[in-house]
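Q: The structure file input_27.pdb (PDB, C-alpha atoms and all ligand atoms) is provided below.
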```pdb
ATOM      1  CA  MET A 296     -38.235  -8.822  12.563
ATOM      2  CA  SER A 297     -36.536  -6.882   9.769
ATOM      3  CA  THR A 298     -32.925  -5.753  10.090
ATOM      4  CA  GLN A 299     -32.538  -2.188  11.443
ATOM      5  CA  LEU A 300     -30.431   0.041   9.199
ATOM      6  CA  ASP A 301     -28.364   1.618  11.928
ATOM      7  CA  GLU A 302     -24.762   2.131  13.017
ATOM      8  CA  TYR A 303     -24.571  -1.377  14.468
ATOM      9  CA  LEU A 304     -25.481  -2.861  11.099
ATOM     10  CA  GLU A 305     -22.801  -0.721   9.436
ATOM     11  CA  ALA A 306     -20.253  -1.924  11.979
ATOM     12  CA  GLU A 307     -21.323  -5.545  11.508
ATOM     13  CA  ILE A 308     -20.960  -5.277   7.741
ATOM     14  CA  GLN A 309     -17.534  -3.666   8.078
ATOM     15  CA  SER A 310     -16.398  -6.537  10.266
ATOM     16  CA  LEU A 311     -17.929  -9.097   7.868
ATOM     17  CA  LEU A 312     -15.847  -7.540   5.069
ATOM     18  CA  THR A 313     -12.625  -7.369   7.045
ATOM     19  CA  ASP A 314     -12.655 -10.472   9.268
ATOM     20  CA  GLY A 315     -13.643 -13.101   6.757
ATOM     21  CA  ARG A 316     -12.460 -14.444   3.447
ATOM     22  CA  ILE A 317     -13.057 -11.093   1.716
ATOM     23  CA  ALA A 318     -10.421  -9.038   3.576
ATOM     24  CA  GLU A 319     -11.486  -5.690   2.123
ATOM     25  CA  LEU A 320     -10.786  -2.873   4.559
ATOM     26  CA  GLY A 321     -11.519  -0.059   2.135
ATOM     27  CA  ILE A 322     -15.229  -0.540   1.415
ATOM     28  CA  THR A 323     -17.476   2.318   2.510
ATOM     29  CA  VAL A 324     -20.990   1.633   3.795
ATOM     30  CA  HIS A 325     -23.620   4.397   3.795
ATOM     31  CA  ARG A 326     -27.308   4.270   4.713
ATOM     32  CA  ARG A 327     -29.620   5.964   2.206
ATOM     33  CA  GLU A 328     -33.256   5.754   3.353
ATOM     34  CA  HIS A 329     -34.055   2.025   3.250
ATOM     35  CA  GLN A 330     -30.973   1.107   1.209
ATOM     36  CA  LEU A 331     -27.377   0.361   2.040
ATOM     37  CA  VAL A 332     -24.899   1.855  -0.443
ATOM     38  CA  LEU A 333     -21.505   0.182  -0.800
ATOM     39  CA  GLY A 334     -18.592   2.203  -2.244
ATOM     40  CA  GLY A 335     -14.861   1.971  -2.813
ATOM     41  CA  GLU A 336     -12.728   0.003  -5.224
ATOM     42  CA  VAL A 337     -11.515  -3.601  -5.380
ATOM     43  CA  GLU A 338      -9.066  -5.481  -7.595
ATOM     44  CA  SER A 339     -11.472  -7.761  -9.486
ATOM     45  CA  PRO A 340     -15.164  -8.135 -10.445
ATOM     46  CA  LEU A 341     -15.137 -11.455  -8.574
ATOM     47  CA  ARG A 342     -14.352  -9.626  -5.312
ATOM     48  CA  ARG A 343     -17.082  -7.047  -5.871
ATOM     49  CA  ASP A 344     -19.652  -9.783  -6.515
ATOM     50  CA  GLU A 345     -18.450 -11.779  -3.501
ATOM     51  CA  ILE A 346     -18.910  -8.748  -1.226
ATOM     52  CA  CYS A 347     -22.525  -8.295  -2.314
ATOM     53  CA  ARG A 348     -23.197 -12.045  -2.085
ATOM     54  CA  GLN A 349     -21.850 -12.259   1.474
ATOM     55  CA  ILE A 350     -23.864  -9.272   2.689
ATOM     56  CA  ASN A 351     -26.986 -10.573   0.954
ATOM     57  CA  SER A 352     -26.710 -13.979   2.527
ATOM     58  CA  ARG A 353     -26.121 -12.541   6.034
ATOM     59  CA  PHE A 354     -28.796  -9.822   5.762
ATOM     60  CA  PRO A 355     -31.308 -11.082   3.170
ATOM     61  CA  ASP A 356     -33.900  -8.367   3.925
ATOM     62  CA  VAL A 357     -31.476  -5.431   3.433
ATOM     63  CA  GLU A 358     -31.536  -3.768   0.033
ATOM     64  CA  ILE A 359     -27.965  -3.301  -1.232
ATOM     65  CA  VAL A 360     -26.808  -0.778  -3.819
ATOM     66  CA  CYS A 361     -23.347  -1.785  -5.041
ATOM     67  CA  ASP A 362     -21.312   1.209  -6.245
ATOM     68  CA  ILE A 363     -18.000  -0.641  -5.829
ATOM     69  CA  GLY A 364     -15.642  -0.089  -8.759
ATOM     70  CA  ILE A 365     -12.740  -2.126 -10.153
ATOM     71  CA  THR A 366      -9.429  -0.246 -10.033
ATOM     72  CA  ARG A 367      -7.956   0.271 -13.491
ATOM     73  CA  ALA A 368      -4.547  -1.277 -14.159
ATOM     74  CA  ASP A 369      -3.319   0.466 -17.321
ATOM     75  CA  ALA A 370       0.238   1.669 -17.871
ATOM     76  CA  PRO A 371       0.733   5.368 -17.027
ATOM     77  CA  SER A 372       1.086   8.015 -19.716
ATOM     78  CA  GLU A 373       3.043  10.521 -17.632
ATOM     79  CA  VAL A 374       6.201  10.785 -15.545
ATOM     80  CA  GLU A 375       6.447  13.069 -12.508
ATOM     81  CA  GLU A 376       9.747  14.817 -12.003
ATOM     82  CA  ILE A 377      10.606  14.921  -8.289
ATOM     83  CA  SER A 378      12.532  17.966  -7.087
TER      84      SER A 378
ATOM     85  CA  MET B 232      18.315  10.345 -14.346
ATOM     86  CA  ILE B 233      16.561   7.496 -12.535
ATOM     87  CA  ARG B 234      12.937   6.572 -13.216
ATOM     88  CA  ILE B 235      11.124   4.783 -10.419
ATOM     89  CA  ALA B 236       7.862   2.955 -11.034
ATOM     90  CA  ALA B 237       5.808   2.479  -7.890
ATOM     91  CA  VAL B 238       2.524   0.995  -6.751
ATOM     92  CA  GLY B 239       1.142  -0.459  -3.527
ATOM     93  CA  ASP B 240      -1.896  -2.380  -2.316
ATOM     94  CA  VAL B 241      -2.280  -4.633  -5.325
ATOM     95  CA  HIS B 242      -3.714  -7.360  -3.053
ATOM     96  CA  VAL B 243      -2.967 -10.162  -5.499
ATOM     97  CA  ASP B 244      -4.798 -13.485  -5.452
ATOM     98  CA  LYS B 245      -5.750 -15.867  -8.274
ATOM     99  CA  ASP B 246      -8.491 -13.531  -9.471
ATOM    100  CA  VAL B 247      -5.991 -10.720 -10.162
ATOM    101  CA  LEU B 248      -3.563 -12.786 -12.269
ATOM    102  CA  GLY B 249      -3.035 -11.142 -15.645
ATOM    103  CA  ARG B 250      -4.616  -7.784 -14.739
ATOM    104  CA  PHE B 251      -1.310  -5.955 -14.161
ATOM    105  CA  ARG B 252       0.855  -7.989 -16.489
ATOM    106  CA  PRO B 253       0.310  -6.088 -19.781
ATOM    107  CA  ALA B 254       1.308  -2.782 -18.143
ATOM    108  CA  LEU B 255       4.175  -4.452 -16.258
ATOM    109  CA  GLU B 256       5.583  -5.889 -19.499
ATOM    110  CA  GLU B 257       6.096  -2.266 -20.651
ATOM    111  CA  LEU B 258       8.191  -1.426 -17.583
ATOM    112  CA  PRO B 259      11.674  -1.743 -19.106
ATOM    113  CA  ASP B 260      10.758   1.054 -21.556
ATOM    114  CA  ARG B 261       9.256   3.250 -18.868
ATOM    115  CA  ALA B 262      11.293   2.837 -15.670
ATOM    116  CA  ASP B 263      14.530   1.473 -14.197
ATOM    117  CA  VAL B 264      13.062  -0.192 -11.112
ATOM    118  CA  LEU B 265       9.681  -1.110  -9.624
ATOM    119  CA  LEU B 266       8.985  -0.429  -5.947
ATOM    120  CA  VAL B 267       5.912  -2.018  -4.371
ATOM    121  CA  ALA B 268       4.667  -0.461  -1.126
ATOM    122  CA  GLY B 269       3.147  -3.493   0.625
ATOM    123  CA  ASP B 270      -0.208  -5.288   0.725
ATOM    124  CA  LEU B 271       1.065  -7.477  -2.059
ATOM    125  CA  THR B 272      -1.513 -10.150  -1.173
ATOM    126  CA  ARG B 273      -5.025 -10.411   0.280
ATOM    127  CA  HIS B 274      -4.395 -12.651   3.302
ATOM    128  CA  GLY B 275      -0.635 -13.216   3.296
ATOM    129  CA  THR B 276      -0.841 -16.882   2.290
ATOM    130  CA  VAL B 277       1.931 -18.736   0.471
ATOM    131  CA  GLU B 278      -0.401 -19.352  -2.502
ATOM    132  CA  GLU B 279      -1.112 -15.632  -2.800
ATOM    133  CA  ALA B 280       2.589 -14.833  -2.520
ATOM    134  CA  ARG B 281       3.159 -17.201  -5.463
ATOM    135  CA  CYS B 282       0.451 -15.351  -7.389
ATOM    136  CA  PHE B 283       2.209 -12.041  -6.660
ATOM    137  CA  ALA B 284       5.539 -13.518  -7.791
ATOM    138  CA  THR B 285       3.921 -14.751 -11.011
ATOM    139  CA  GLU B 286       2.325 -11.383 -11.759
ATOM    140  CA  PHE B 287       5.203  -9.112 -10.629
ATOM    141  CA  GLY B 288       8.268 -11.341 -11.159
ATOM    142  CA  GLY B 289      10.609 -11.666 -14.141
ATOM    143  CA  LEU B 290       9.975  -8.139 -15.364
ATOM    144  CA  GLY B 291      13.310  -7.048 -16.794
ATOM    145  CA  VAL B 292      13.690  -4.410 -14.071
ATOM    146  CA  PRO B 293      14.539  -5.017 -10.402
ATOM    147  CA  VAL B 294      11.501  -5.301  -8.106
ATOM    148  CA  VAL B 295      11.847  -4.113  -4.493
ATOM    149  CA  THR B 296       9.011  -4.408  -1.970
ATOM    150  CA  VAL B 297       8.027  -4.109   1.645
ATOM    151  CA  LEU B 298       5.198  -6.173   3.121
ATOM    152  CA  GLY B 299       1.915  -4.677   4.313
ATOM    153  CA  ASN B 300      -0.542  -5.560   7.066
ATOM    154  CA  HIS B 301      -2.445  -7.896   4.700
ATOM    155  CA  ASP B 302       0.770  -9.826   4.102
ATOM    156  CA  HIS B 303       0.890 -10.490   7.870
ATOM    157  CA  GLN B 304      -2.717 -11.705   8.151
ATOM    158  CA  SER B 305      -1.856 -15.445   8.116
ATOM    159  CA  ASP B 306       1.260 -15.036  10.324
ATOM    160  CA  LEU B 307       3.279 -16.431   7.415
ATOM    161  CA  GLN B 308       5.292 -13.309   6.608
ATOM    162  CA  SER B 309       8.600 -15.221   6.695
ATOM    163  CA  ARG B 310       7.327 -17.796   4.200
ATOM    164  CA  VAL B 311       5.830 -15.040   2.043
ATOM    165  CA  THR B 312       9.215 -13.290   2.067
ATOM    166  CA  GLU B 313      10.952 -16.569   1.101
ATOM    167  CA  VAL B 314       8.603 -17.180  -1.840
ATOM    168  CA  LEU B 315       9.180 -13.649  -3.141
ATOM    169  CA  THR B 316      12.936 -13.778  -2.612
ATOM    170  CA  GLU B 317      13.161 -17.117  -4.470
ATOM    171  CA  SER B 318      11.449 -15.364  -7.393
ATOM    172  CA  GLY B 319      14.112 -12.656  -7.476
ATOM    173  CA  ILE B 320      12.015 -10.022  -5.687
ATOM    174  CA  THR B 321      13.755  -8.052  -2.922
ATOM    175  CA  VAL B 322      11.764  -7.702   0.305
ATOM    176  CA  LEU B 323      12.969  -5.020   2.702
ATOM    177  CA  GLU B 324      12.158  -4.952   6.419
ATOM    178  CA  GLY B 325      14.381  -2.586   8.313
ATOM    179  CA  ASP B 326      17.155  -2.829   5.757
ATOM    180  CA  ALA B 327      18.275  -1.264   2.503
ATOM    181  CA  THR B 328      19.435  -2.169  -0.970
ATOM    182  CA  VAL B 329      21.539  -0.227  -3.461
ATOM    183  CA  LEU B 330      20.877  -0.550  -7.188
ATOM    184  CA  GLU B 331      23.305   0.591  -9.896
ATOM    185  CA  LEU B 332      21.192   2.232 -12.595
ATOM    186  CA  HIS B 333      22.826   4.009 -15.561
ATOM    187  CA  GLY B 334      25.885   4.693 -13.448
ATOM    188  CA  HIS B 335      23.814   6.149 -10.594
ATOM    189  CA  ARG B 336      23.415   4.496  -7.223
ATOM    190  CA  LEU B 337      19.808   4.312  -6.048
ATOM    191  CA  GLY B 338      19.436   3.470  -2.373
ATOM    192  CA  VAL B 339      16.094   2.089  -1.181
ATOM    193  CA  ALA B 340      15.466   1.636   2.539
ATOM    194  CA  GLY B 341      12.253  -0.069   3.522
ATOM    195  CA  VAL B 342      10.100  -1.089   6.429
ATOM    196  CA  LYS B 343       6.426  -2.034   6.718
ATOM    197  CA  GLY B 344       5.942   0.623   9.372
ATOM    198  CA  PHE B 345       3.021   0.791  11.778
ATOM    199  CA  GLY B 346       0.254   3.078  13.061
ATOM    200  CA  GLY B 347       0.340   5.492  15.952
ATOM    201  CA  GLY B 348      -0.972   8.775  14.589
ATOM    202  CA  PHE B 349       0.351  12.252  13.961
ATOM    203  CA  ALA B 350       1.205  15.351  15.977
ATOM    204  CA  GLY B 351      -1.660  16.406  18.214
ATOM    205  CA  ALA B 352      -3.579  13.153  17.706
ATOM    206  CA  CYS B 353      -1.278  10.255  18.388
ATOM    207  CA  ALA B 354      -1.028   7.373  20.799
ATOM    208  CA  SER B 355       1.527   7.753  23.580
ATOM    209  CA  ASN B 356       3.850   5.275  25.184
ATOM    210  CA  PHE B 357       1.959   5.358  28.493
ATOM    211  CA  GLY B 358      -0.504   3.390  30.592
ATOM    212  CA  GLU B 359      -1.541  -0.172  29.894
ATOM    213  CA  ARG B 360       0.996  -2.700  28.699
ATOM    214  CA  GLU B 361      -1.032  -3.149  25.473
ATOM    215  CA  MET B 362      -0.768   0.586  24.690
ATOM    216  CA  LYS B 363       2.936   0.660  25.459
ATOM    217  CA  ASP B 364       3.429  -2.390  23.194
ATOM    218  CA  PHE B 365       1.537  -0.629  20.402
ATOM    219  CA  VAL B 366       3.527   2.606  20.547
ATOM    220  CA  GLY B 367       6.706   0.696  21.355
ATOM    221  CA  THR B 368       6.289  -1.196  18.069
ATOM    222  CA  THR B 369       5.862   2.104  16.227
ATOM    223  CA  GLU B 370       9.050   3.469  17.739
ATOM    224  CA  VAL B 371      11.069   0.328  16.987
ATOM    225  CA  VAL B 372      10.055   0.181  13.310
ATOM    226  CA  ALA B 373      10.690   3.907  12.825
ATOM    227  CA  ARG B 374      14.144   3.520  14.343
ATOM    228  CA  LYS B 375      14.838   0.594  11.963
ATOM    229  CA  LEU B 376      13.873   2.771   9.003
ATOM    230  CA  GLN B 377      16.111   5.598  10.180
ATOM    231  CA  ASP B 378      19.080   3.252  10.664
ATOM    232  CA  ALA B 379      18.489   1.672   7.243
ATOM    233  CA  LEU B 380      18.280   5.091   5.542
ATOM    234  CA  LEU B 381      21.455   6.286   7.236
ATOM    235  CA  SER B 382      23.318   3.084   6.354
ATOM    236  CA  VAL B 383      23.166   3.796   2.621
ATOM    237  CA  GLN B 384      25.650   5.656   0.432
ATOM    238  CA  ALA B 385      23.788   6.556  -2.744
ATOM    239  CA  ASP B 386      23.209   9.291  -5.319
ATOM    240  CA  ALA B 387      19.481   9.163  -4.582
ATOM    241  CA  LEU B 388      17.784   7.742  -1.502
ATOM    242  CA  VAL B 389      14.185   6.499  -1.388
ATOM    243  CA  ALA B 390      12.191   5.448   1.687
ATOM    244  CA  LEU B 391       9.656   2.697   1.027
ATOM    245  CA  THR B 392       6.966   1.947   3.634
ATOM    246  CA  HIS B 393       3.459   0.549   3.754
ATOM    247  CA  TYR B 394       2.166   2.848   6.503
ATOM    248  CA  ALA B 395       2.099   6.610   5.893
ATOM    249  CA  PRO B 396       4.809   8.929   7.276
ATOM    250  CA  VAL B 397       2.675  12.090   7.005
ATOM    251  CA  PRO B 398      -1.022  12.947   7.333
ATOM    252  CA  ASP B 399      -1.109  14.914   4.019
ATOM    253  CA  THR B 400      -1.488  11.748   1.955
ATOM    254  CA  LEU B 401      -4.342  10.476   4.160
ATOM    255  CA  LEU B 402      -6.648  13.270   3.072
ATOM    256  CA  GLY B 403      -9.904  11.573   2.066
ATOM    257  CA  GLU B 404      -9.693   8.953   4.809
ATOM    258  CA  PRO B 405     -11.841   9.375   7.951
ATOM    259  CA  LEU B 406      -9.859  11.431  10.479
ATOM    260  CA  GLU B 407     -10.742   8.877  13.167
ATOM    261  CA  ILE B 408      -8.624   6.155  11.551
ATOM    262  CA  TYR B 409      -5.461   8.209  10.911
ATOM    263  CA  PRO B 410      -3.684   6.534  13.871
ATOM    264  CA  PHE B 411      -4.183   3.164  12.123
ATOM    265  CA  LEU B 412      -2.830   4.446   8.820
ATOM    266  CA  GLY B 413       0.545   5.834   9.783
ATOM    267  CA  CYS B 414       2.671   7.678  12.300
ATOM    268  CA  TYR B 415       4.838  10.770  12.590
ATOM    269  CA  GLN B 416       7.813   8.684  13.727
ATOM    270  CA  LEU B 417       8.242   7.370  10.157
ATOM    271  CA  GLY B 418       8.308  10.963   8.877
ATOM    272  CA  ARG B 419      10.906  11.889  11.461
ATOM    273  CA  ALA B 420      13.073   8.933  10.374
ATOM    274  CA  ILE B 421      12.793  10.008   6.738
ATOM    275  CA  ASP B 422      13.774  13.568   7.667
ATOM    276  CA  ALA B 423      16.821  12.334   9.612
ATOM    277  CA  ALA B 424      18.442  11.143   6.346
ATOM    278  CA  PRO B 425      19.056  12.807   2.957
ATOM    279  CA  THR B 426      15.904  11.172   1.553
ATOM    280  CA  ALA B 427      14.871  12.287  -1.936
ATOM    281  CA  LEU B 428      11.454  10.599  -2.036
ATOM    282  CA  ALA B 429       9.191   8.678   0.352
ATOM    283  CA  LEU B 430       6.696   6.172  -1.031
ATOM    284  CA  HIS B 431       3.912   4.455   0.893
ATOM    285  CA  GLY B 432       0.558   2.742   0.438
ATOM    286  CA  HIS B 433      -2.142   1.471   2.845
ATOM    287  CA  ALA B 434      -4.434   4.534   2.629
ATOM    288  CA  HIS B 435      -6.746   3.387  -0.176
ATOM    289  CA  HIS B 436      -8.916   6.509   0.100
ATOM    290  CA  GLY B 437      -6.052   8.942   0.666
ATOM    291  CA  ALA B 438      -4.384  11.528  -1.564
ATOM    292  CA  GLU B 439      -1.278  11.032  -3.702
ATOM    293  CA  ARG B 440       0.937  13.961  -2.718
ATOM    294  CA  GLY B 441       2.392  15.263   0.506
ATOM    295  CA  ARG B 442       5.623  16.424   2.098
ATOM    296  CA  THR B 443       7.344  15.694   5.398
ATOM    297  CA  PRO B 444       7.941  18.565   7.845
ATOM    298  CA  GLY B 445      11.571  18.458   6.624
ATOM    299  CA  GLY B 446      10.470  18.939   2.998
ATOM    300  CA  VAL B 447      10.824  15.407   1.567
ATOM    301  CA  PRO B 448       8.227  14.689  -1.149
ATOM    302  CA  VAL B 449       5.843  11.883  -0.115
ATOM    303  CA  ARG B 450       3.718   9.895  -2.563
ATOM    304  CA  ASN B 451       0.893   7.544  -1.614
ATOM    305  CA  VAL B 452       1.010   4.961  -4.398
ATOM    306  CA  ALA B 453      -1.856   2.751  -3.161
ATOM    307  CA  HIS B 454      -3.411   1.309  -6.293
ATOM    308  CA  PRO B 455      -6.909   2.718  -5.610
ATOM    309  CA  VAL B 456      -5.293   6.177  -5.230
ATOM    310  CA  ILE B 457      -3.171   6.217  -8.390
ATOM    311  CA  LYS B 458      -5.764   4.258 -10.420
ATOM    312  CA  GLN B 459      -3.254   2.793 -12.850
ATOM    313  CA  ALA B 460      -0.810  -0.120 -12.784
ATOM    314  CA  TYR B 461       2.012   2.088 -11.414
ATOM    315  CA  ASN B 462       3.197   5.677 -11.313
ATOM    316  CA  VAL B 463       6.598   6.755 -12.590
ATOM    317  CA  TYR B 464       8.738   9.256 -10.670
ATOM    318  CA  GLN B 465      11.934  10.728 -12.063
ATOM    319  CA  LEU B 466      14.901  11.511  -9.812
ATOM    320  CA  LEU B 467      18.279  13.106 -10.596
ATOM    321  CA  SER B 468      16.810  14.766 -13.682
ATOM    322  CA  GLU B 469      19.786  17.130 -14.140
ATOM    323  CA  ASP B 470      22.437  14.426 -13.776
ATOM    324  CA  VAL B 471      24.102  13.194 -16.941
ATOM    325  CA  ASP B 472      23.946   9.412 -17.274
ATOM    326  CA  LEU B 473      27.483   8.050 -17.114
ATOM    327  CA  GLU B 474      26.424   5.157 -19.337
ATOM    328  CA  LEU B 475      25.272   7.561 -22.047
ATOM    329  CA  VAL B 476      28.511   9.525 -21.805
ATOM    330  CA  ALA B 477      30.527   6.324 -22.092
ATOM    331  CA  THR B 478      28.743   5.146 -25.256
TER     332      THR B 478
HETATM  333 FE    FE C 501      -4.154  -2.233   1.231
HETATM  334 FE    FE C 502      -2.656  -1.983   4.272
END
```
Any chance you could give the structure as structure tokens?
A:
Amino acid sequence: MSTQLDEYLEAEIQSLLTDGRIAELGITVHRREHQLVLGGEVESPLRRDEICRQINSRFPDVEIVCDIGITRADAPSEVEEIS
Amino acid sequence: MIRIAAVGDVHVDKDVLGRFRPALEELPDRADVLLVAGDLTRHGTVEEARCFATEFGGLGVPVVTVLGNHDHQSDLQSRVTEVLTESGITVLEGDATVLELHGHRLGVAGVKGFGGGFAGACASNFGEREMKDFVGTTEVVARKLQDALLSVQADALVALTHYAPVPDTLLGEPLEIYPFLGCYQLGRAIDAAPTALALHGHAHHGAERGRTPGGVPVRNVAHPVIKQAYNVYQLLSEDVDLELVAT
């Protein structure tokens, strides 16, 4: 039986991402037709790849679209004056 | 003038080593102090704390932090604090530190904080023991922040928390999870003291700017919000630096 793309799957993926080794609480999961779209930002490409690998291995028949970005870490160019 | 660099939610582990360092090396030219608003690590392990100390230690400016919920994940927060302290990083939890910068005294009071929610949509100290423990924790940590803020004599006072003191800076997060992202009691503590700036993290999808009901500027410096290694905020802009006058 193929995995149903429903709210329970979303919840299960959220708990997979937060409970386990990954510890990413800020990943968004949206259903788009037969695909699951992952969004948000993480601190390294390794983490992004690990998220997709973990979901793939738990739900091999679910098609994942990974829109997760890596947060930039450049020095700022501006100063904000607080008043 | 005091320039404060700030970031939160850097979630350091081995895979992040070196990512922040080039921008951090520029800090002495750009700011007088670095404040880090919690979630320093991924799982709060000692190894990750060492990684944070390697990446954020020895910078040429003082580094002051609070812990976040991630730094509590392994129940090793005391060890994490020790590792950071041994590396010269100040970790605040219900206390304050005063830094002398260019002849100005910058007071920083910090606490991790906790959830609970905001006016009209908050948990109350009522009913089951578990609920009373939850809100009781919120009230205790907010009281600690207020006491720490009021204990400081400084030219400029900054409140540093992980959880948010206002809902303004949560904009972009699902409304349903606001009570897990912050609480109004932290805002009330900040307003009870002459606070010049409140910094927090935790809300990765939130907004940068807000203000407490008492008018204190609030900045959410979670790394995914500011999208750079740190932001720089300038306080006491009109004040003449005593050091400059002396030289
Ligand atoms: Fe975080
Ligand atoms: Fe957090």
Q: Which residues of chain B sit at most 6 Å from ligand FE 502 (chain C), using all atoms listed in the file? Give each one's shortest atom pair and distance in Å (one decimal place), in chain and ascending residue order, as CSV.
A:
```
residue,atom,partner,partner_atom,distance
B:Asp270,CA,C:FE502,FE,5.4
B:Gly299,CA,C:FE502,FE,5.3
B:Asn300,CA,C:FE502,FE,5.0
B:His301,CA,C:FE502,FE,5.9
B:His433,CA,C:FE502,FE,3.8
```
Q: Have a look at CA of Val295 (chain B) and CA of Leu401 (chain B) and let me know their distance in Å, one decimal.
A: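 Here the two named atoms are 23.4 Å from each other.
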Q: Give the answer as one residue: which of B:Glu404, B:Glu359, B:Asp422, B:Asp326 has the shortest atom-to-atom distance to chain A, using only C-alpha atoms?
A: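 Nearest candidate to chain A out of B:Glu404, B:Glu359, B:Asp422, B:Asp326: B:Glu404.
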Q: Provide as a ChimeraX atom specification the residues of chain A at most 6 Å from chain B, counting all atoms listed in the file.
A: /A:366-370,374-377
Q: Please return as a list in words every residue within 10 Å of (-30.0, -4.8, 1.1), taking into account only C-alpha atoms and the file's own coordinates.
A: Thr298, Leu300, His329, Gln330, Leu331, Val332, Cys347, Ile350, Asn351, Ser352, Arg353, Phe354, Pro355, Asp356, Val357, Glu358, Ile359, Val360 and Cys361 of chain A
Q: Which one is closest to ligand FE 501 (chain C): B:Gly413, B:Gly334, B:Gly432, B:Gly344? Count all atoms listed in the file.
A: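 Smallest distance to ligand FE 501 (chain C) is found for B:Gly432.
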Q: Care to translate the PyMOL selection byres (((chain A and resi 308-310) around 10) and not hetatm) into actual residues of this file, as number ranges by chain?
A: A: 302-307, 311-315, 318-324, 346, 349-350, 353-354
Q: Selected residues, C-alpha atoms, written as a tab-separated table (two decimals), in the coordinates of the input, please.
A:
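What follows is the written file part.tsv:
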```
chain	number	residue	atom	x	y	z
A	302	GLU	CA	-24.76	2.13	13.02
A	303	TYR	CA	-24.57	-1.38	14.47
A	304	LEU	CA	-25.48	-2.86	11.10
A	305	GLU	CA	-22.80	-0.72	9.44
A	306	ALA	CA	-20.25	-1.92	11.98
A	307	GLU	CA	-21.32	-5.54	11.51
A	311	LEU	CA	-17.93	-9.10	7.87
A	312	LEU	CA	-15.85	-7.54	5.07
A	313	THR	CA	-12.62	-7.37	7.04
A	314	ASP	CA	-12.66	-10.47	9.27
A	315	GLY	CA	-13.64	-13.10	6.76
A	318	ALA	CA	-10.42	-9.04	3.58
A	319	GLU	CA	-11.49	-5.69	2.12
A	320	LEU	CA	-10.79	-2.87	4.56
A	321	GLY	CA	-11.52	-0.06	2.13
A	322	ILE	CA	-15.23	-0.54	1.42
A	323	THR	CA	-17.48	2.32	2.51
A	324	VAL	CA	-20.99	1.63	3.80
A	346	ILE	CA	-18.91	-8.75	-1.23
A	349	GLN	CA	-21.85	-12.26	1.47
A	350	ILE	CA	-23.86	-9.27	2.69
A	353	ARG	CA	-26.12	-12.54	6.03
A	354	PHE	CA	-28.80	-9.82	5.76
```
Q: I'd like the box whose edges run along x, y and z of the file and which contains every listed atom of region 343-362 of chain A, padded by 6 Å per side; could you state its centre and edge lengths in Å, one decimal, as lines of an AutoDock Vina configuration file?
A:
```
center_x = -25.5
center_y = -6.4
center_z = -0.2
size_x = 28.8
size_y = 27.2
size_z = 24.5
```
Q: Which distance in Å separates CA of Gly418 (chain B) and CA of Arg450 (chain B), to one decimal?
A: 12.4 Å
Q: What do you get, as number ranges by chain, if you spell out every residue that the PyMOL selection byres (((chain B and resi 350) around 10) and not hetatm) selects here?
A: B: 347-349, 351-354, 397-398, 414-416
